[in-house]
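For reference, the structure discussed in these notes is given below.
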Amino acid sequence: MDIKTTLGNAIEEAARLAIADGVFPEGEMAKVSLEVPPKKEFGDFSTNFAMQSAKVFHMNPRKIAEELAGRIKGDWLERTEIAGPGFLNFYLKSNVLYDSFRKIFEAGEAYGQLPAKDTARIQVEYVSANPTGLLHVGHGRGAAAGSALVNLLRAAGYPVVSEYYINDAGNQMDHLAMSVNARYLELLGKTVQFPEDGYRGADIIDTAKRIIKRDGDKYLAMDETERLSIFKDLAYQEKLAALKEDLEAFHVTFDEWFSERTLHPEAIREVVETLRESGNIYEEGGALWLKSTAYGDDKDRVVIRDNGVPTYLAADIAYHRNKFQRGFGKLINIWGADHHGYVCRVKAAMSALGYDASRLEVLLLQMVSLYRGGELVKMSKRTGESVTLNELMEEVGTDAARYFFLMRSLDSQLDFDLDLAKTQSNENPVYYIQYAHARICSIQRQVEEIGLGLSDSPRLELLTDETETDLIKKIEEYTEEVDRAAAEYAPQRIARYAYDISSLFHSFYNKCRIMGVERELAEARLALVSVAAHVIRHSLGILGVSAPEKM
RNA sequence: GCGGUUGUAGCUCAGCAGGAUAGAGCAACUGCCUCCUAAGCAGUAGGUCGGGCGUUCGAAUCGCCCCAAUCGCACCA
């Protein structure tokens, strides 16, 4: 049992004793919550239990605290103090710190991975950009957030799989084919009118060029319908391959790639039929409408257009039903904030199908605005002026880009200053973290040369400097931080943690030396920095940021 | 007009399952390399937590109203 649980139990036990002694009234007790206080002077742990109990016990919180303090016992406890309006501050015996740190040291590489949680599988769907062009920086943020969330949930012990939904069935695929077709004809000297809804990005021209390079002008002679059909397929394959490649370069991989086409027409027809049978569909103006207002939506939504073609929503309903049918207990979708209007109707559809809509969690990622030379860079697929994820990776590097995306909360808008990120100055905190890791690796290399190595049983109690105990405490908080960050779907907490632990290491590094001190102390310090390096590596791993051994 | 998100130091942002004197980086200023990587450390300065009202022993954190920014409000995806 860890010390926090032990302490929590001791507090509850003290409260029960006080009730038995007739000091506190019988009845419900407040919940005990323990936290690491904001200041070191306030001890190792503190609780607001006395204040929370003031109302239930109808007593002065400081009086409650006094009664509790006298009843909390344990050989791990140095002393208890009452402070402020009624905080109980606990100061633990120093061996508690070293005993738990020894366990972490002995766990080695396993530290940071929490035991498997016995919960239903979670699916995380993210990016899901149309295979019609290049990924831009907005997708990059989604890719970073989604992959980090998956890593985080895994570290916290949740069973989780990731999925990419390929929108390969709608109009946009026809627009893609027409765009490639137009570029193809242009490149072969024909005069064509570029399609109004076409994609004007340079990547489309590249696709056309590649087709020409490989197959020449052999498609010219074809009937346009046939040519479009071939180009649709060729362009699709190429775009999808490019997506995968770019994502992998960005440290993003998926367990599943789900094609929307597999839902057409059968799955969609089926789900619409199911909804019709349960009375959730009606016809009006030649179209089929989902009665989503019955489930909290602002208005009803068309699922089958008057021309018989299903809407995007219809496919999405079939898709999400399919997810539930695959047995996931929780569905997490990461969508751009510009899709937020969509959340309600998809949830409404799930409710209409009889699923618990709260099992579908949509995380909305706020927009990314790019600035270059102090000017806002407009992002538009159509104009082809958007900055792609690839360009971003080239300019600032994968690690810096990922960390920038992940260091702020998902629901705050992000101003990405390209010039600033490009300078690769120390303004970029990712270097600070990586530098801490590289420094430790450097020490490990040099220590090896002078015949010093990691001991099996270092004398950890020699680590008494404040920078050492601060670092130990931070390391001991890691698993709890992982657990909480996962529960909150908040990878930015890990970004923060990685920065904080690096900062504590740098302080230690400037104050304490490893080489040139007495052997036992050197071995203890080596154990400390080795664990620190592991935790930095582990947290960077969650973020999908590399941990270099040299810089 | 309706809805989502945001508003915290000069700038970029953490903190928000209510708690003790609101934190970090950058920028500014002062120190620290004969010493394991100075991409570092130590320190100084900088704030009516957008505004108001409310709930509470206690509010940056919860609720309501207002202001501002932003994204949406399709038989597009």
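Just remember, in the structure tokens the first chain shown is A, the second B, etc., residues are 1-based per chain, and ligands are 1-based in the order shown.
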Q.
Based on the backbone DSSP call, show me all residues of region 286-436 of chain A assigned strand (DSSP E), as a PyMOL selection string.
A. chain A and resi 287-290+301-304+330-336+360-365+368-372+375-377+414-417
Q: Could you please write out, as JSON, numbers by chain, every residue of region 172-374 of chain A that DSSP assigns to helix (DSSP H, G or I)?
A: {"A": [172, 173, 174, 175, 176, 177, 178, 179, 180, 181, 182, 183, 184, 185, 186, 187, 202, 203, 204, 205, 206, 207, 208, 209, 210, 211, 212, 213, 214, 215, 224, 225, 226, 227, 228, 229, 230, 231, 232, 233, 234, 235, 236, 237, 238, 239, 240, 241, 242, 243, 244, 245, 246, 247, 248, 249, 260, 261, 262, 263, 266, 267, 268, 269, 270, 271, 272, 273, 274, 275, 276, 277, 292, 293, 294, 295, 312, 313, 314, 315, 316, 317, 318, 319, 320, 321, 322, 323, 324, 325, 337, 338, 339, 340, 341, 342, 343, 344, 345, 346, 347, 348, 349, 350, 351, 352, 357, 358, 359]}
Q: Please provide as number ranges by chain all residues within 7 Å of region 526-542 of chain A, with the sequence filter that same-chain residues fewer than 3 positions apart are discarded (counting only C-alpha atoms (C1' of nucleotides)).
A: A: 105, 109, 112, 148, 151-152, 437, 440, 454, 458, 475, 494, 498, 514, 522-523, 545-547
**Q.** Contact residues (chain B, partner chain A, 12 Å, only C-alpha atoms (C1' of nucleotides)) as number ranges by chain
**A.** B: 2-7, 12-27, 32-33, 35-42, 56-58, 69-77
Q: Extract, using only C-alpha atoms (C1' of nucleotides), all DNA, RNA and protein residues at most 10 Å from Gly74 (chain A), discarding same-chain residues fewer than 5 positions from it, and format them as a list in words.
A: Thr6, Leu7, Ala10, Arg79, Leu92 and Lys93 of chain A
(Q) Can you pull out the residues contacting C49 (chain B)? Cut-off 9 Å, using only C-alpha atoms (C1' of nucleotides), and skip same-chain residues under 2 positions away; I want them as a list in words. (A) U8, A22, G47 and A60 of chain B
Any chance you could export the current selection's all heavy atoms as a PDB file, in the first residue's frame?
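Below is the file result-v2.pdb, written as the result:
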ATOM      1  P     U B   8      -5.890  36.998 -20.617  1.00  0.00           P
ATOM      2  OP1   U B   8      -5.423  38.393 -20.730  1.00  0.00           O
ATOM      3  OP2   U B   8      -5.288  35.947 -21.418  1.00  0.00           O
ATOM      4  O5'   U B   8      -5.830  36.584 -19.091  1.00  0.00           O
ATOM      5  C5'   U B   8      -6.214  37.500 -18.080  1.00  0.00           C
ATOM      6  C4'   U B   8      -5.512  37.155 -16.806  1.00  0.00           C
ATOM      7  O4'   U B   8      -5.848  35.800 -16.408  1.00  0.00           O
ATOM      8  C3'   U B   8      -3.990  37.119 -16.916  1.00  0.00           C
ATOM      9  O3'   U B   8      -3.428  38.410 -16.821  1.00  0.00           O
ATOM     10  C2'   U B   8      -3.633  36.228 -15.727  1.00  0.00           C
ATOM     11  O2'   U B   8      -3.793  36.915 -14.519  1.00  0.00           O
ATOM     12  C1'   U B   8      -4.722  35.163 -15.840  1.00  0.00           C
ATOM     13  N1    U B   8      -4.332  34.024 -16.705  1.00  0.00           N
ATOM     14  C2    U B   8      -3.502  33.056 -16.148  1.00  0.00           C
ATOM     15  O2    U B   8      -3.082  33.123 -15.010  1.00  0.00           O
ATOM     16  N3    U B   8      -3.181  32.031 -16.995  1.00  0.00           N
ATOM     17  C4    U B   8      -3.585  31.875 -18.296  1.00  0.00           C
ATOM     18  O4    U B   8      -3.215  30.890 -18.925  1.00  0.00           O
ATOM     19  C5    U B   8      -4.444  32.908 -18.796  1.00  0.00           C
ATOM     20  C6    U B   8      -4.775  33.926 -17.996  1.00  0.00           C
ATOM     21  P     A B  22      -1.172  35.361  -3.985  1.00  0.00           P
ATOM     22  OP1   A B  22      -0.782  36.654  -4.506  1.00  0.00           O
ATOM     23  OP2   A B  22      -2.604  35.050  -3.740  1.00  0.00           O
ATOM     24  O5'   A B  22      -0.583  34.262  -4.967  1.00  0.00           O
ATOM     25  C5'   A B  22      -0.921  32.880  -4.822  1.00  0.00           C
ATOM     26  C4'   A B  22      -1.102  32.257  -6.188  1.00  0.00           C
ATOM     27  O4'   A B  22      -2.248  32.883  -6.830  1.00  0.00           O
ATOM     28  C3'   A B  22       0.057  32.535  -7.154  1.00  0.00           C
ATOM     29  O3'   A B  22       0.994  31.491  -7.033  1.00  0.00           O
ATOM     30  C2'   A B  22      -0.613  32.501  -8.509  1.00  0.00           C
ATOM     31  O2'   A B  22      -0.676  31.196  -9.036  1.00  0.00           O
ATOM     32  C1'   A B  22      -2.030  32.973  -8.207  1.00  0.00           C
ATOM     33  N9    A B  22      -2.306  34.345  -8.615  1.00  0.00           N
ATOM     34  C8    A B  22      -2.334  35.468  -7.849  1.00  0.00           C
ATOM     35  N7    A B  22      -2.669  36.558  -8.504  1.00  0.00           N
ATOM     36  C5    A B  22      -2.864  36.110  -9.790  1.00  0.00           C
ATOM     37  C6    A B  22      -3.228  36.766 -10.970  1.00  0.00           C
ATOM     38  N6    A B  22      -3.497  38.067 -11.036  1.00  0.00           N
ATOM     39  N1    A B  22      -3.333  36.021 -12.095  1.00  0.00           N
ATOM     40  C2    A B  22      -3.078  34.718 -12.033  1.00  0.00           C
ATOM     41  N3    A B  22      -2.734  33.982 -10.980  1.00  0.00           N
ATOM     42  C4    A B  22      -2.645  34.745  -9.885  1.00  0.00           C
ATOM     43  P     G B  47       2.280  44.631 -11.181  1.00  0.00           P
ATOM     44  OP1   G B  47       2.196  45.999 -10.742  1.00  0.00           O
ATOM     45  OP2   G B  47       2.476  43.541 -10.206  1.00  0.00           O
ATOM     46  O5'   G B  47       0.975  44.340 -12.055  1.00  0.00           O
ATOM     47  C5'   G B  47       0.905  43.271 -12.947  1.00  0.00           C
ATOM     48  C4'   G B  47      -0.439  42.584 -12.898  1.00  0.00           C
ATOM     49  O4'   G B  47      -0.206  41.182 -12.642  1.00  0.00           O
ATOM     50  C3'   G B  47      -1.417  43.084 -11.834  1.00  0.00           C
ATOM     51  O3'   G B  47      -2.646  43.448 -12.450  1.00  0.00           O
ATOM     52  C2'   G B  47      -1.596  41.916 -10.862  1.00  0.00           C
ATOM     53  O2'   G B  47      -2.948  41.670 -10.546  1.00  0.00           O
ATOM     54  C1'   G B  47      -1.057  40.718 -11.627  1.00  0.00           C
ATOM     55  N9    G B  47      -0.328  39.721 -10.849  1.00  0.00           N
ATOM     56  C8    G B  47       0.171  39.790  -9.590  1.00  0.00           C
ATOM     57  N7    G B  47       0.754  38.682  -9.206  1.00  0.00           N
ATOM     58  C5    G B  47       0.614  37.833 -10.288  1.00  0.00           C
ATOM     59  C6    G B  47       1.025  36.488 -10.480  1.00  0.00           C
ATOM     60  O6    G B  47       1.640  35.766  -9.704  1.00  0.00           O
ATOM     61  N1    G B  47       0.683  36.006 -11.729  1.00  0.00           N
ATOM     62  C2    G B  47       0.016  36.711 -12.679  1.00  0.00           C
ATOM     63  N2    G B  47      -0.241  36.099 -13.823  1.00  0.00           N
ATOM     64  N3    G B  47      -0.386  37.972 -12.522  1.00  0.00           N
ATOM     65  C4    G B  47      -0.055  38.459 -11.309  1.00  0.00           C
ATOM     66  P     A B  60     -10.407  34.191  -6.475  1.00  0.00           P
ATOM     67  OP1   A B  60      -9.437  33.504  -5.641  1.00  0.00           O
ATOM     68  OP2   A B  60     -10.717  35.625  -6.225  1.00  0.00           O
ATOM     69  O5'   A B  60      -9.928  34.084  -7.996  1.00  0.00           O
ATOM     70  C5'   A B  60     -10.603  34.793  -9.019  1.00  0.00           C
ATOM     71  C4'   A B  60     -10.435  34.082 -10.342  1.00  0.00           C
ATOM     72  O4'   A B  60      -9.043  33.685 -10.487  1.00  0.00           O
ATOM     73  C3'   A B  60     -11.236  32.788 -10.470  1.00  0.00           C
ATOM     74  O3'   A B  60     -12.514  33.038 -10.977  1.00  0.00           O
ATOM     75  C2'   A B  60     -10.396  31.976 -11.447  1.00  0.00           C
ATOM     76  O2'   A B  60     -10.661  32.350 -12.783  1.00  0.00           O
ATOM     77  C1'   A B  60      -8.971  32.406 -11.081  1.00  0.00           C
ATOM     78  N9    A B  60      -8.310  31.496 -10.149  1.00  0.00           N
ATOM     79  C8    A B  60      -7.926  31.751  -8.853  1.00  0.00           C
ATOM     80  N7    A B  60      -7.342  30.742  -8.274  1.00  0.00           N
ATOM     81  C5    A B  60      -7.320  29.752  -9.254  1.00  0.00           C
ATOM     82  C6    A B  60      -6.843  28.443  -9.265  1.00  0.00           C
ATOM     83  N6    A B  60      -6.231  27.875  -8.228  1.00  0.00           N
ATOM     84  N1    A B  60      -6.979  27.731 -10.399  1.00  0.00           N
ATOM     85  C2    A B  60      -7.581  28.296 -11.436  1.00  0.00           C
ATOM     86  N3    A B  60      -8.079  29.541 -11.556  1.00  0.00           N
ATOM     87  C4    A B  60      -7.916  30.218 -10.415  1.00  0.00           C
TER      88        A B  60
END
Q: Please indicate the distance in Å from CA of Phe505 (chain A) to CA of Arg525 (chain A), rounded to one decimal place.
A: 11.3 Å
Q: Would you kindly return, as a PyMOL selection string, each protein, DNA or RNA residue with an atom no farther than 12 Å from any atom of U55 (chain B), considering only C-alpha atoms (C1' of nucleotides) and excluding same-chain residues fewer than 5 positions away?
A: chain B and resi 18+62-64
Writer output for current selection, N, CA, C and O atoms (P, O5', C5', C4', C3', O3' and C1' of nucleotides), as an mmCIF file, in the first residue's frame:
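Generated output (part21.cif):
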data_model
loop_
_atom_site.group_PDB
_atom_site.id
_atom_site.type_symbol
_atom_site.label_atom_id
_atom_site.label_comp_id
_atom_site.auth_asym_id
_atom_site.auth_seq_id
_atom_site.Cartn_x
_atom_site.Cartn_y
_atom_site.Cartn_z
ATOM 1 P P G B 18 -13.727 20.517 -6.079
ATOM 2 O "O5'" G B 18 -12.842 21.787 -6.398
ATOM 3 C "C5'" G B 18 -13.200 22.961 -7.026
ATOM 4 C "C4'" G B 18 -12.371 24.071 -6.473
ATOM 5 C "C3'" G B 18 -11.596 23.666 -5.204
ATOM 6 O "O3'" G B 18 -10.197 23.743 -5.255
ATOM 7 C "C1'" G B 18 -13.297 25.372 -4.751
ATOM 8 P P C B 62 -15.184 26.533 -13.260
ATOM 9 O "O5'" C B 62 -16.469 26.417 -12.312
ATOM 10 C "C5'" C B 62 -16.944 25.140 -11.903
ATOM 11 C "C4'" C B 62 -18.232 25.306 -11.138
ATOM 12 C "C3'" C B 62 -19.228 26.289 -11.750
ATOM 13 O "O3'" C B 62 -20.001 25.671 -12.763
ATOM 14 C "C1'" C B 62 -19.009 26.750 -9.445
ATOM 15 P P G B 63 -20.503 26.552 -13.985
ATOM 16 O "O5'" G B 63 -21.744 27.325 -13.349
ATOM 17 C "C5'" G B 63 -22.899 26.615 -12.913
ATOM 18 C "C4'" G B 63 -23.938 27.594 -12.436
ATOM 19 C "C3'" G B 63 -24.198 28.747 -13.394
ATOM 20 O "O3'" G B 63 -25.138 28.385 -14.386
ATOM 21 C "C1'" G B 63 -23.899 29.596 -11.205
ATOM 22 P P C B 64 -25.076 29.134 -15.795
ATOM 23 O "O5'" C B 64 -25.723 30.552 -15.464
ATOM 24 C "C5'" C B 64 -27.107 30.678 -15.173
ATOM 25 C "C4'" C B 64 -27.425 32.110 -14.800
ATOM 26 C "C3'" C B 64 -26.991 33.151 -15.827
ATOM 27 O "O3'" C B 64 -27.931 33.293 -16.879
ATOM 28 C "C1'" C B 64 -26.293 33.844 -13.681
#
Q | CA of Ile3 (chain A) to CA of Leu521 (chain A), straight-line distance in Å | A |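 One can read the CA of Leu521 (chain A) to CA of Ile3 (chain A) distance as 25.7 Å.
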(Q) Need to verify the contact set: region 243-248 of chain A, 9 Å, only C-alpha atoms (C1' of nucleotides), exclusion of same-chain residues closer than 3 positions in sequence. Can you return it as a VMD selection string? (A) chain A and resid 129 131 133 to 135 140 143 238 to 240 251 to 253 389 to 390
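The coordinates place CA of Glu226 (chain A) at 25.1 Å from CA of Glu266 (chain A).
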